[in-house]
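Quick look at coords-v1.csv (CSV, C-alpha atoms):
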```
chain,number,residue,atom,x,y,z
Y,1,MET,CA,0.0,0.0,0.0
Y,2,PRO,CA,1.6,3.3,-1.0
Y,3,VAL,CA,2.2,5.9,1.7
Y,4,ASN,CA,0.9,8.7,-0.7
Y,5,PRO,CA,-2.4,8.5,-2.6
Y,6,ALA,CA,-2.1,8.6,-6.4
Y,7,VAL,CA,-3.0,11.7,-8.3
Y,8,GLN,CA,-6.4,10.8,-9.8
Y,9,ARG,CA,-7.3,13.0,-12.7
Y,10,ALA,CA,-10.8,12.5,-14.1
Y,11,SER,CA,-13.7,14.3,-15.7
Y,12,THR,CA,-16.0,11.4,-16.6
Y,13,ILE,CA,-16.7,8.6,-14.1
Y,14,LEU,CA,-18.3,5.5,-15.5
Y,15,PHE,CA,-21.0,3.4,-13.7
Y,16,PRO,CA,-22.1,-0.2,-14.4
Y,17,THR,CA,-25.8,0.4,-13.8
Y,18,VAL,CA,-28.3,3.3,-13.9
Y,19,ALA,CA,-29.1,2.6,-10.2
Y,20,GLU,CA,-25.5,3.2,-9.2
Y,21,TYR,CA,-25.3,6.3,-11.4
Y,22,GLU,CA,-28.4,7.8,-9.8
Y,23,ALA,CA,-27.3,6.9,-6.3
Y,24,ALA,CA,-24.0,8.8,-6.8
Y,25,GLN,CA,-25.8,11.7,-8.3
Y,26,LYS,CA,-28.0,12.0,-5.2
Y,27,ALA,CA,-25.1,11.6,-2.8
Y,28,ARG,CA,-22.6,13.9,-4.5
Y,29,ALA,CA,-23.4,17.1,-2.6
Y,30,GLU,CA,-23.5,15.5,0.9
Y,31,ARG,CA,-20.4,13.3,1.0
Y,32,ASP,CA,-17.2,12.5,-0.9
Y,33,THR,CA,-18.6,10.6,-3.9
Y,34,LEU,CA,-17.2,9.9,-7.3
Y,35,PHE,CA,-19.7,11.3,-9.8
Y,36,TYR,CA,-18.1,13.8,-12.1
Y,37,GLY,CA,-14.8,15.6,-12.0
Y,38,THR,CA,-16.2,18.9,-10.8
Y,39,TYR,CA,-17.2,17.2,-7.5
Y,40,GLY,CA,-13.7,15.8,-7.0
Y,41,THR,CA,-11.7,12.7,-7.3
Y,42,GLU,CA,-10.1,10.4,-4.7
Y,43,THR,CA,-7.1,12.8,-4.5
Y,44,THR,CA,-9.4,15.8,-3.8
Y,45,PHE,CA,-11.3,13.8,-1.1
Y,46,ALA,CA,-8.0,12.8,0.5
Y,47,PHE,CA,-6.9,16.4,0.9
Y,48,ALA,CA,-10.3,17.5,2.1
Y,49,THR,CA,-10.4,14.8,4.7
Y,50,ALA,CA,-7.0,15.7,6.0
Y,51,LEU,CA,-7.8,19.4,6.1
Y,52,ALA,CA,-11.0,18.8,8.2
Y,53,ALA,CA,-9.0,16.6,10.5
Y,54,VAL,CA,-6.6,19.4,11.3
Y,55,GLU,CA,-9.4,21.4,12.8
Y,56,ASN,CA,-11.4,18.4,14.1
Y,57,ALA,CA,-14.3,19.5,11.9
Y,58,TYR,CA,-17.1,17.7,10.2
Y,59,GLY,CA,-15.9,18.1,6.7
Y,60,ALA,CA,-14.0,20.2,4.1
Y,61,ILE,CA,-14.4,21.2,0.5
Y,62,ALA,CA,-11.5,21.9,-1.8
Y,63,VAL,CA,-11.9,24.9,-4.1
Y,64,SER,CA,-9.8,26.5,-6.9
Y,65,SER,CA,-8.3,29.3,-4.8
Y,66,GLY,CA,-8.5,31.1,-1.5
Y,67,LEU,CA,-10.6,33.9,-3.0
Y,68,ALA,CA,-13.0,31.2,-4.4
Y,69,ALA,CA,-13.3,29.9,-0.8
Y,70,ILE,CA,-14.3,33.4,0.4
Y,71,ILE,CA,-16.8,34.1,-2.4
Y,72,ALA,CA,-18.4,30.7,-2.3
Y,73,THR,CA,-18.8,31.0,1.5
Y,74,ILE,CA,-20.5,34.4,1.2
Y,75,GLN,CA,-22.7,33.3,-1.6
Y,76,ALA,CA,-23.7,30.1,0.3
Y,77,PHE,CA,-25.3,32.3,3.0
Y,78,ALA,CA,-26.2,35.6,1.3
Y,79,GLY,CA,-28.0,36.6,-1.9
Y,80,ALA,CA,-29.9,39.6,-3.3
Y,81,GLY,CA,-31.4,41.7,-0.6
Y,82,HIS,CA,-29.2,40.3,2.2
Y,83,HIS,CA,-26.6,42.0,4.4
Y,84,ILE,CA,-23.2,40.8,5.6
Y,85,LEU,CA,-20.6,42.0,8.1
Y,86,ILE,CA,-17.0,42.1,7.1
Y,87,PRO,CA,-14.0,43.3,9.1
Y,88,GLU,CA,-12.1,46.4,7.8
Y,89,SER,CA,-8.9,44.4,7.9
Y,90,VAL,CA,-10.2,41.8,5.4
Y,91,TYR,CA,-8.0,40.3,2.7
Y,92,HIS,CA,-8.1,43.0,0.0
Y,93,PRO,CA,-9.3,40.9,-3.0
Y,94,GLY,CA,-12.2,39.9,-0.7
Y,95,ARG,CA,-13.1,43.5,-0.3
Y,96,ILE,CA,-12.9,44.0,-4.1
Y,97,ALA,CA,-15.3,41.1,-4.5
Y,98,CYS,CA,-17.8,42.6,-1.9
Y,99,ASP,CA,-17.6,46.0,-3.5
Y,100,GLY,CA,-17.9,44.7,-7.0
Y,101,VAL,CA,-19.5,41.4,-8.1
Y,102,LEU,CA,-21.3,40.7,-4.8
Y,103,LYS,CA,-22.7,44.3,-4.6
Y,104,ASP,CA,-23.9,43.9,-8.2
Y,105,GLN,CA,-25.8,40.7,-7.1
Y,106,GLY,CA,-27.6,42.7,-4.4
Y,107,ILE,CA,-25.5,41.8,-1.4
Y,108,GLU,CA,-24.9,44.7,1.0
Y,109,THR,CA,-21.7,44.8,2.9
Y,110,THR,CA,-20.9,46.7,6.1
Y,111,TYR,CA,-17.3,46.9,7.1
Y,112,TYR,CA,-16.7,46.9,10.8
Y,113,ASP,CA,-13.9,47.8,13.1
Y,114,PRO,CA,-12.1,44.4,13.7
Y,115,LEU,CA,-11.7,45.3,17.4
Y,116,ILE,CA,-15.4,45.8,17.9
Y,117,GLY,CA,-15.9,42.6,19.8
Y,118,ALA,CA,-19.5,42.2,21.3
Y,119,GLY,CA,-20.3,45.6,20.0
Y,120,ILE,CA,-21.0,44.0,16.6
Y,121,ALA,CA,-24.5,43.5,17.9
Y,122,GLU,CA,-25.3,47.1,17.0
Y,123,LEU,CA,-24.5,46.5,13.4
Y,124,ILE,CA,-26.7,43.5,12.8
Y,125,LYS,CA,-29.8,44.2,10.6
Y,126,PRO,CA,-32.9,42.1,10.1
Y,127,ASN,CA,-31.5,40.9,6.8
Y,128,THR,CA,-27.9,40.1,8.1
Y,129,ARG,CA,-27.1,36.6,6.9
Y,130,LEU,CA,-23.4,36.2,7.7
Y,131,ILE,CA,-20.7,37.6,10.1
Y,132,TYR,CA,-17.3,37.2,8.6
Y,133,LEU,CA,-14.0,37.4,10.5
Y,134,GLU,CA,-10.3,37.4,9.7
Y,135,SER,CA,-7.9,37.1,12.6
Y,136,PRO,CA,-5.3,38.4,12.5
Y,137,GLY,CA,-6.3,40.8,9.8
Y,138,SER,CA,-4.5,41.3,6.5
Y,139,MET,CA,-1.7,43.8,6.5
Y,140,THR,CA,-2.4,45.3,10.0
Y,141,PHE,CA,-2.9,42.1,12.0
Y,142,GLU,CA,-5.6,43.0,14.4
Y,143,VAL,CA,-6.6,40.1,16.6
Y,144,GLN,CA,-10.4,39.8,16.8
Y,145,ASP,CA,-12.3,38.8,19.9
Y,146,VAL,CA,-13.7,35.7,18.2
Y,147,PRO,CA,-15.6,34.2,21.1
Y,148,ALA,CA,-17.3,37.6,21.8
Y,149,ILE,CA,-18.4,38.0,18.2
Y,150,VAL,CA,-19.5,34.4,17.9
Y,151,ALA,CA,-21.6,34.6,21.0
Y,152,VAL,CA,-23.5,37.5,19.5
Y,153,ALA,CA,-24.0,35.7,16.2
Y,154,LYS,CA,-25.3,32.6,18.0
Y,155,SER,CA,-27.8,34.6,20.0
Y,156,ARG,CA,-29.2,35.7,16.6
Y,157,ASP,CA,-28.7,32.4,14.8
Y,158,ILE,CA,-26.4,34.1,12.3
Y,159,PRO,CA,-23.7,31.9,10.8
Y,160,THR,CA,-20.0,32.9,11.2
Y,161,ALA,CA,-17.1,32.3,8.9
Y,162,ILE,CA,-13.4,33.1,9.5
Y,163,ASP,CA,-10.4,33.4,7.2
Y,164,ASN,CA,-8.0,31.2,9.1
Y,165,THR,CA,-5.1,31.3,6.7
Y,166,TRP,CA,-2.6,33.0,8.9
Y,167,ALA,CA,-2.7,30.6,11.8
Y,168,THR,CA,-4.1,27.6,9.9
Y,169,GLY,CA,-6.2,25.1,11.8
Y,170,TYR,CA,-2.9,24.0,13.4
Y,171,TYR,CA,-2.6,27.1,15.6
Y,172,PHE,CA,-6.2,28.3,15.8
Y,173,ASN,CA,-9.1,25.8,15.9
Y,174,ALA,CA,-12.0,27.9,14.7
Y,175,PHE,CA,-14.6,25.3,15.7
Y,176,ALA,CA,-13.4,25.1,19.3
Y,177,HIS,CA,-14.2,28.8,19.4
Y,178,GLY,CA,-17.7,28.3,18.0
Y,179,VAL,CA,-17.2,29.4,14.4
Y,180,ASP,CA,-19.3,27.6,11.7
Y,181,VAL,CA,-16.9,27.9,8.7
Y,182,SER,CA,-13.2,28.1,8.5
Y,183,ILE,CA,-11.7,29.4,5.3
Y,184,HIS,CA,-8.1,28.7,4.0
Y,185,ALA,CA,-6.0,29.9,1.2
Y,186,ALA,CA,-4.2,26.6,0.9
Y,187,THR,CA,-1.9,28.4,-1.6
Y,188,LYS,CA,0.0,29.7,1.4
Y,189,TYR,CA,1.1,27.8,4.5
Y,190,ILE,CA,-0.7,24.6,3.7
Y,191,GLY,CA,0.9,24.3,0.3
Y,192,GLY,CA,4.1,25.7,1.7
Y,193,HIS,CA,6.2,25.7,-1.5
Y,194,SER,CA,4.8,28.6,-3.7
Y,195,ASP,CA,3.8,26.1,-6.4
Y,196,LEU,CA,0.0,25.8,-6.2
Y,197,ILE,CA,-3.2,27.8,-6.1
Y,198,LEU,CA,-5.9,26.2,-3.9
Y,199,GLY,CA,-8.5,27.0,-1.3
Y,200,GLY,CA,-10.3,25.1,1.4
Y,201,ILE,CA,-13.6,25.5,3.2
Y,202,VAL,CA,-14.0,23.6,6.4
Y,203,THR,CA,-17.4,23.5,8.0
Y,204,ASN,CA,-19.5,22.0,10.8
Y,205,GLU,CA,-22.1,19.4,10.1
Y,206,ARG,CA,-25.0,21.9,10.0
Y,207,TYR,CA,-23.7,23.8,7.0
Y,208,PHE,CA,-21.5,21.2,5.1
Y,209,ALA,CA,-24.0,20.1,2.5
Y,210,HIS,CA,-25.3,23.6,1.9
Y,211,VAL,CA,-21.8,25.0,1.3
Y,212,ARG,CA,-20.8,22.0,-0.9
Y,213,LYS,CA,-23.8,22.5,-3.1
Y,214,THR,CA,-22.9,26.2,-3.6
Y,215,VAL,CA,-19.3,25.3,-4.5
Y,216,ALA,CA,-20.5,22.8,-7.1
Y,217,ALA,CA,-23.1,25.2,-8.5
Y,218,LEU,CA,-20.4,27.9,-8.9
Y,219,GLY,CA,-17.9,25.5,-10.6
Y,220,TYR,CA,-15.0,26.2,-8.2
Y,221,THR,CA,-13.3,22.9,-9.0
Y,222,ALA,CA,-10.0,22.2,-7.4
Y,223,SER,CA,-7.2,20.7,-9.4
Y,224,PRO,CA,-6.3,17.1,-8.2
Y,225,ASP,CA,-2.7,17.9,-8.8
Y,226,ASP,CA,-2.8,20.9,-6.5
Y,227,CYS,CA,-4.7,18.9,-3.9
Y,228,TRP,CA,-2.0,16.3,-4.0
Y,229,LEU,CA,0.7,19.0,-3.5
Y,230,ALA,CA,-1.3,20.5,-0.6
Y,231,LEU,CA,-1.7,17.1,1.0
Y,232,ARG,CA,2.1,16.9,0.9
Y,233,GLY,CA,2.3,20.3,2.5
Y,234,LEU,CA,-0.1,19.4,5.3
Y,235,ARG,CA,2.3,16.6,6.4
Y,236,THR,CA,5.1,19.1,7.2
Y,237,LEU,CA,2.8,22.0,8.3
Y,238,GLY,CA,3.7,21.8,12.0
Y,239,VAL,CA,7.4,21.7,11.5
Y,240,ARG,CA,7.4,24.5,9.0
Y,241,LEU,CA,5.1,26.8,11.1
Y,242,ARG,CA,7.4,26.4,14.1
Y,243,ALA,CA,10.4,27.4,12.0
Y,244,HIS,CA,8.6,30.3,10.4
Y,245,ALA,CA,7.4,31.6,13.9
Y,246,GLU,CA,10.9,31.3,15.4
Y,247,GLY,CA,12.5,33.2,12.6
Y,248,ALA,CA,9.7,35.8,12.7
Y,249,LEU,CA,10.2,36.5,16.4
Y,250,ILE,CA,14.0,37.0,15.9
Y,251,VAL,CA,13.3,39.4,13.0
Y,252,ALA,CA,10.6,41.2,14.9
Y,253,ARG,CA,12.7,41.7,17.9
Y,254,PHE,CA,15.5,43.1,15.8
Y,255,LEU,CA,13.2,45.6,14.1
Y,256,LYS,CA,11.6,46.6,17.4
Y,257,GLY,CA,15.0,48.0,18.5
Y,258,ARG,CA,15.5,50.1,15.4
Y,259,SER,CA,15.0,53.9,15.7
Y,260,GLU,CA,13.5,54.2,12.2
Y,261,ILE,CA,10.5,52.0,13.1
Y,262,ASP,CA,7.4,53.1,15.0
Y,263,GLN,CA,5.5,49.9,15.6
Y,264,ILE,CA,5.7,46.1,15.0
Y,265,LEU,CA,2.3,44.6,14.0
Y,266,TYR,CA,3.0,41.0,15.1
Y,267,PRO,CA,0.6,39.6,17.7
Y,268,ALA,CA,3.1,36.9,18.8
Y,269,LEU,CA,5.5,39.7,19.9
Y,270,PRO,CA,5.0,40.7,23.6
Y,271,GLY,CA,3.8,44.3,23.7
Y,272,ALA,CA,2.5,44.3,20.2
Y,273,PRO,CA,-1.1,45.1,19.5
Y,274,GLY,CA,-3.4,42.1,20.1
Y,275,HIS,CA,-0.8,40.1,22.0
Y,276,GLU,CA,-3.0,39.3,25.0
Y,277,LEU,CA,-5.9,38.1,22.8
Y,278,TRP,CA,-3.5,36.1,20.7
Y,279,LYS,CA,-2.0,34.5,23.8
Y,280,ARG,CA,-5.5,33.6,25.0
Y,281,ASP,CA,-6.9,32.1,21.8
Y,282,PHE,CA,-4.0,30.9,19.7
Y,283,GLN,CA,-1.6,28.0,20.2
Y,284,GLY,CA,1.2,29.5,18.0
Y,285,ALA,CA,2.0,32.0,15.2
Y,286,SER,CA,3.1,32.0,11.6
Y,287,GLY,CA,5.9,34.1,10.0
Y,288,LEU,CA,3.8,36.9,8.5
Y,289,PHE,CA,3.7,40.4,10.0
Y,290,SER,CA,4.0,44.1,9.3
Y,291,PHE,CA,5.9,47.0,10.7
Y,292,VAL,CA,5.3,50.8,10.5
Y,293,PHE,CA,8.0,53.3,9.7
Y,294,LYS,CA,8.1,56.5,11.7
Y,295,ARG,CA,6.3,59.4,10.0
Y,296,GLU,CA,9.6,61.2,9.1
Y,297,ILE,CA,10.6,58.2,6.9
Y,298,SER,CA,9.4,59.2,3.4
Y,299,GLU,CA,7.6,56.9,1.0
Y,300,GLN,CA,10.6,57.2,-1.3
Y,301,SER,CA,12.9,56.1,1.5
Y,302,ALA,CA,10.6,53.1,2.3
Y,303,ILE,CA,10.7,52.1,-1.4
Y,304,ALA,CA,14.5,52.3,-1.3
Y,305,PHE,CA,14.5,50.0,1.8
Y,306,VAL,CA,12.3,47.4,0.0
Y,307,GLU,CA,14.3,47.5,-3.2
Y,308,ALA,CA,17.6,47.2,-1.2
Y,309,LEU,CA,16.6,43.8,0.3
Y,310,GLU,CA,18.3,40.8,-1.2
Y,311,LEU,CA,16.9,37.8,0.7
Y,312,PHE,CA,13.4,39.1,0.9
Y,313,GLY,CA,11.8,38.9,-2.6
Y,314,LEU,CA,9.4,41.6,-3.7
Y,315,GLY,CA,6.1,39.8,-4.5
Y,316,ALA,CA,2.6,38.9,-3.6
Y,317,SER,CA,1.4,36.0,-1.5
Y,318,TRP,CA,3.2,34.3,1.4
Y,319,GLY,CA,3.5,31.0,3.3
Y,320,GLY,CA,6.2,29.5,1.1
Y,321,TYR,CA,9.7,28.6,2.1
Y,322,GLU,CA,11.0,32.0,0.8
Y,323,SER,CA,11.0,35.3,2.5
Y,324,LEU,CA,8.9,38.1,0.9
Y,325,VAL,CA,8.3,41.8,1.3
Y,326,VAL,CA,5.6,44.2,0.1
Y,327,LEU,CA,5.0,47.9,0.8
Y,328,THR,CA,1.3,48.4,1.5
Y,329,ARG,CA,-1.4,50.8,2.5
Y,330,PRO,CA,-4.5,49.5,4.3
Y,331,ALA,CA,-7.8,50.0,2.5
Y,332,ARG,CA,-10.1,51.4,5.2
Y,333,THR,CA,-13.4,53.2,5.4
Y,334,SER,CA,-14.2,53.4,9.1
Y,335,PRO,CA,-12.2,53.7,11.2
Y,336,LYS,CA,-9.5,55.3,9.1
Y,337,TRP,CA,-6.0,53.7,9.5
Y,338,LYS,CA,-4.4,56.0,12.0
Y,339,ASP,CA,-0.7,55.5,11.3
Y,340,ALA,CA,0.8,57.9,8.6
Y,341,GLY,CA,4.0,56.0,8.3
Y,342,ALA,CA,4.7,53.6,5.5
Y,343,ILE,CA,3.7,50.0,6.3
Y,344,VAL,CA,6.0,47.1,5.2
Y,345,ARG,CA,4.7,43.5,5.3
Y,346,LEU,CA,7.3,40.8,5.7
Y,347,HIS,CA,7.0,37.0,5.3
Y,348,VAL,CA,9.8,35.4,7.2
Y,349,GLY,CA,10.6,32.2,5.3
Y,350,LEU,CA,12.8,29.3,6.2
Y,351,GLU,CA,16.2,30.9,5.6
Y,352,ASP,CA,18.6,31.4,8.5
Y,353,PRO,CA,17.1,34.2,10.6
Y,354,VAL,CA,20.7,35.6,11.2
Y,355,ASP,CA,21.0,36.1,7.4
Y,356,LEU,CA,17.6,37.7,7.3
Y,357,VAL,CA,18.4,40.1,10.1
Y,358,GLU,CA,21.7,41.1,8.3
Y,359,ASP,CA,19.7,41.7,5.1
Y,360,LEU,CA,17.3,44.0,6.9
Y,361,ARG,CA,20.2,45.8,8.7
Y,362,SER,CA,21.9,46.4,5.3
Y,363,ALA,CA,18.6,47.6,3.7
Y,364,LEU,CA,17.9,50.0,6.5
Y,365,SER,CA,21.1,51.8,5.7
Y,366,ALA,CA,19.4,52.7,2.3
Y,367,LEU,CA,17.1,55.0,4.2
```

Represent the structure contained in this file as structure tokens.
Amino acid sequence: MPVNPAVQRASTILFPTVAEYEAAQKARAERDTLFYGTYGTETTFAFATALAAVENAYGAIAVSSGLAAIIATIQAFAGAGHHILIPESVYHPGRIACDGVLKDQGIETTYYDPLIGAGIAELIKPNTRLIYLESPGSMTFEVQDVPAIVAVAKSRDIPTAIDNTWATGYYFNAFAHGVDVSIHAATKYIGGHSDLILGGIVTNERYFAHVRKTVAALGYTASPDDCWLALRGLRTLGVRLRAHAEGALIVARFLKGRSEIDQILYPALPGAPGHELWKRDFQGASGLFSFVFKREISEQSAIAFVEALELFGLGASWGGYESLVVLTRPARTSPKWKDAGAIVRLHVGLEDPVDLVEDLRSALSAL
């Protein structure tokens, strides 16, 4: 028996009898059943089963990307005339989708302060169909009070979903905190090697069949090859995350001591914003964080810093073995992002942290 499952690529599945064909057709949305390639193959199902096991959840659905996981989850719960709540710190392509295609479909979005906690009750409308979370938030890394928000949602019987890509199910079990749906961009830490595009939607039993039917209807089919690669990544997830976090702490402590830098946005760093909530709810951290330059550091100087880095590649995404850097500005409506200094996001990869610190030290001289 092979240790690894085979990569099963298939569109058409053949059945010996009409009865077996119709049985598979009926079962396809509720459980892992070979019926047609858009519903998955044995490789797809193996990845989904493993992903659900990480969070001790009822089930998981593999989709074509992390953004597909976000959109499919929203559309599973909300349609024309409905209202959803989204944190201001949401992954930016998710905001673009809410303000574009989902708005055109009649879905109203209210962006809320990610630190609102139980105060989210004041934003709920009679037509609110989903409360969405992302913790820590993209770019600015606010840690949300997930239990407080979930308690409000449950009191109104409103489903909750969280983008859990930063911590993965390994360091934050969404279902232990009462969340209904946990979303992952498996492209990132789960894949771990910057060579696949994949998303995952993990759900409790109540919503599994409903979300799976929506995914199938939208055609967000996951590649079996990418599922196989992500399954490989899951096997080393714990080891890699520990290495990413150890390196990130070393880098963050170095940056904290630099006079050019105003603030470190890394919840795992003592004294950083959100550290106490992170310590309460999380079992560990990943290697992604941001820092804020002081106001006197010009944008041109920040650009010079980014371009002077040699070990940190300039590029989108994160979660792979390589270190990355981007210069960013948070997209906010209310409250406005308060820091005027340039924000730099780092992904600390698996290189030697000593080398990464020296690269940063050298690039800071470019200021």

Proximity of segment 293-325 of chain Y to segment 134-155 of chain Y: per-residue shortest pair, 12 Å limit, all atoms listed in the file, as a tab-separated table:
```
residue	atom	partner	partner_atom	distance
Y:Ser317	CA	Y:Ser138	CA	11.3
Y:Trp318	CA	Y:Ser138	CA	11.6
Y:Val325	CA	Y:Met139	CA	11.4
```

Selection to disk with C-alpha atoms, as a JSON list (two decimals), keeping the file's coordinate frame:
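selection.json was written with the following content:
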```json
[["chain", "number", "residue", "atom", "x", "y", "z"],
["Y", 317, "SER", "CA", 1.40, 36.00, -1.50],
["Y", 318, "TRP", "CA", 3.20, 34.30, 1.40],
["Y", 325, "VAL", "CA", 8.30, 41.80, 1.30]]
```

Expected answer as a PDB file with C-alpha atoms, keeping the file's coordinate frame: all residues with atoms within 7 Å of (-16.4, 24.8, 7.5), all atoms listed in the file:
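Saved as point31.pdb:
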```pdb
ATOM      1  CA  GLY Y  59     -15.900  18.100   6.700  1.00  0.00           C
ATOM      2  CA  ALA Y  60     -14.000  20.200   4.100  1.00  0.00           C
ATOM      3  CA  ASP Y 180     -19.300  27.600  11.700  1.00  0.00           C
ATOM      4  CA  VAL Y 181     -16.900  27.900   8.700  1.00  0.00           C
ATOM      5  CA  SER Y 182     -13.200  28.100   8.500  1.00  0.00           C
ATOM      6  CA  ILE Y 183     -11.700  29.400   5.300  1.00  0.00           C
ATOM      7  CA  ILE Y 201     -13.600  25.500   3.200  1.00  0.00           C
ATOM      8  CA  VAL Y 202     -14.000  23.600   6.400  1.00  0.00           C
ATOM      9  CA  THR Y 203     -17.400  23.500   8.000  1.00  0.00           C
ATOM     10  CA  ASN Y 204     -19.500  22.000  10.800  1.00  0.00           C
ATOM     11  CA  PHE Y 208     -21.500  21.200   5.100  1.00  0.00           C
TER      12      PHE Y 208
END
```

Inset, instruction - Anything within 8 Å of (17.5, 31.8, 14.5): list those residues as a list in words, counting all atoms listed in the file and sticking to the file's coordinates. - result: Glu246, Gly247, Ile250, Asp352, Pro353 and Val354 of chain Y

Legend entry - Test item: residues at most 6 Å from Phe172 of chain Y, only C-alpha atoms, excluding those fewer than 3 positions along its chain, as a PyMOL selection string: chain Y and resi 167+169+282

Inset, instruction - Tell me, in Å to one decimal, how far atom CA of Arg345 of chain Y is from atom CA of Arg329 of chain Y. - result: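 A separation of 9.9 Å between them.
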
Legend entry - Nearest to Ala62 of chain Y by atom-to-atom distance, counting only C-alpha atoms, from Y:Thr221, Y:Thr214, Y:Ser11, Y:Thr187: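 Of the candidates, the smallest distance to Ala62 of chain Y is held by Y:Thr221.
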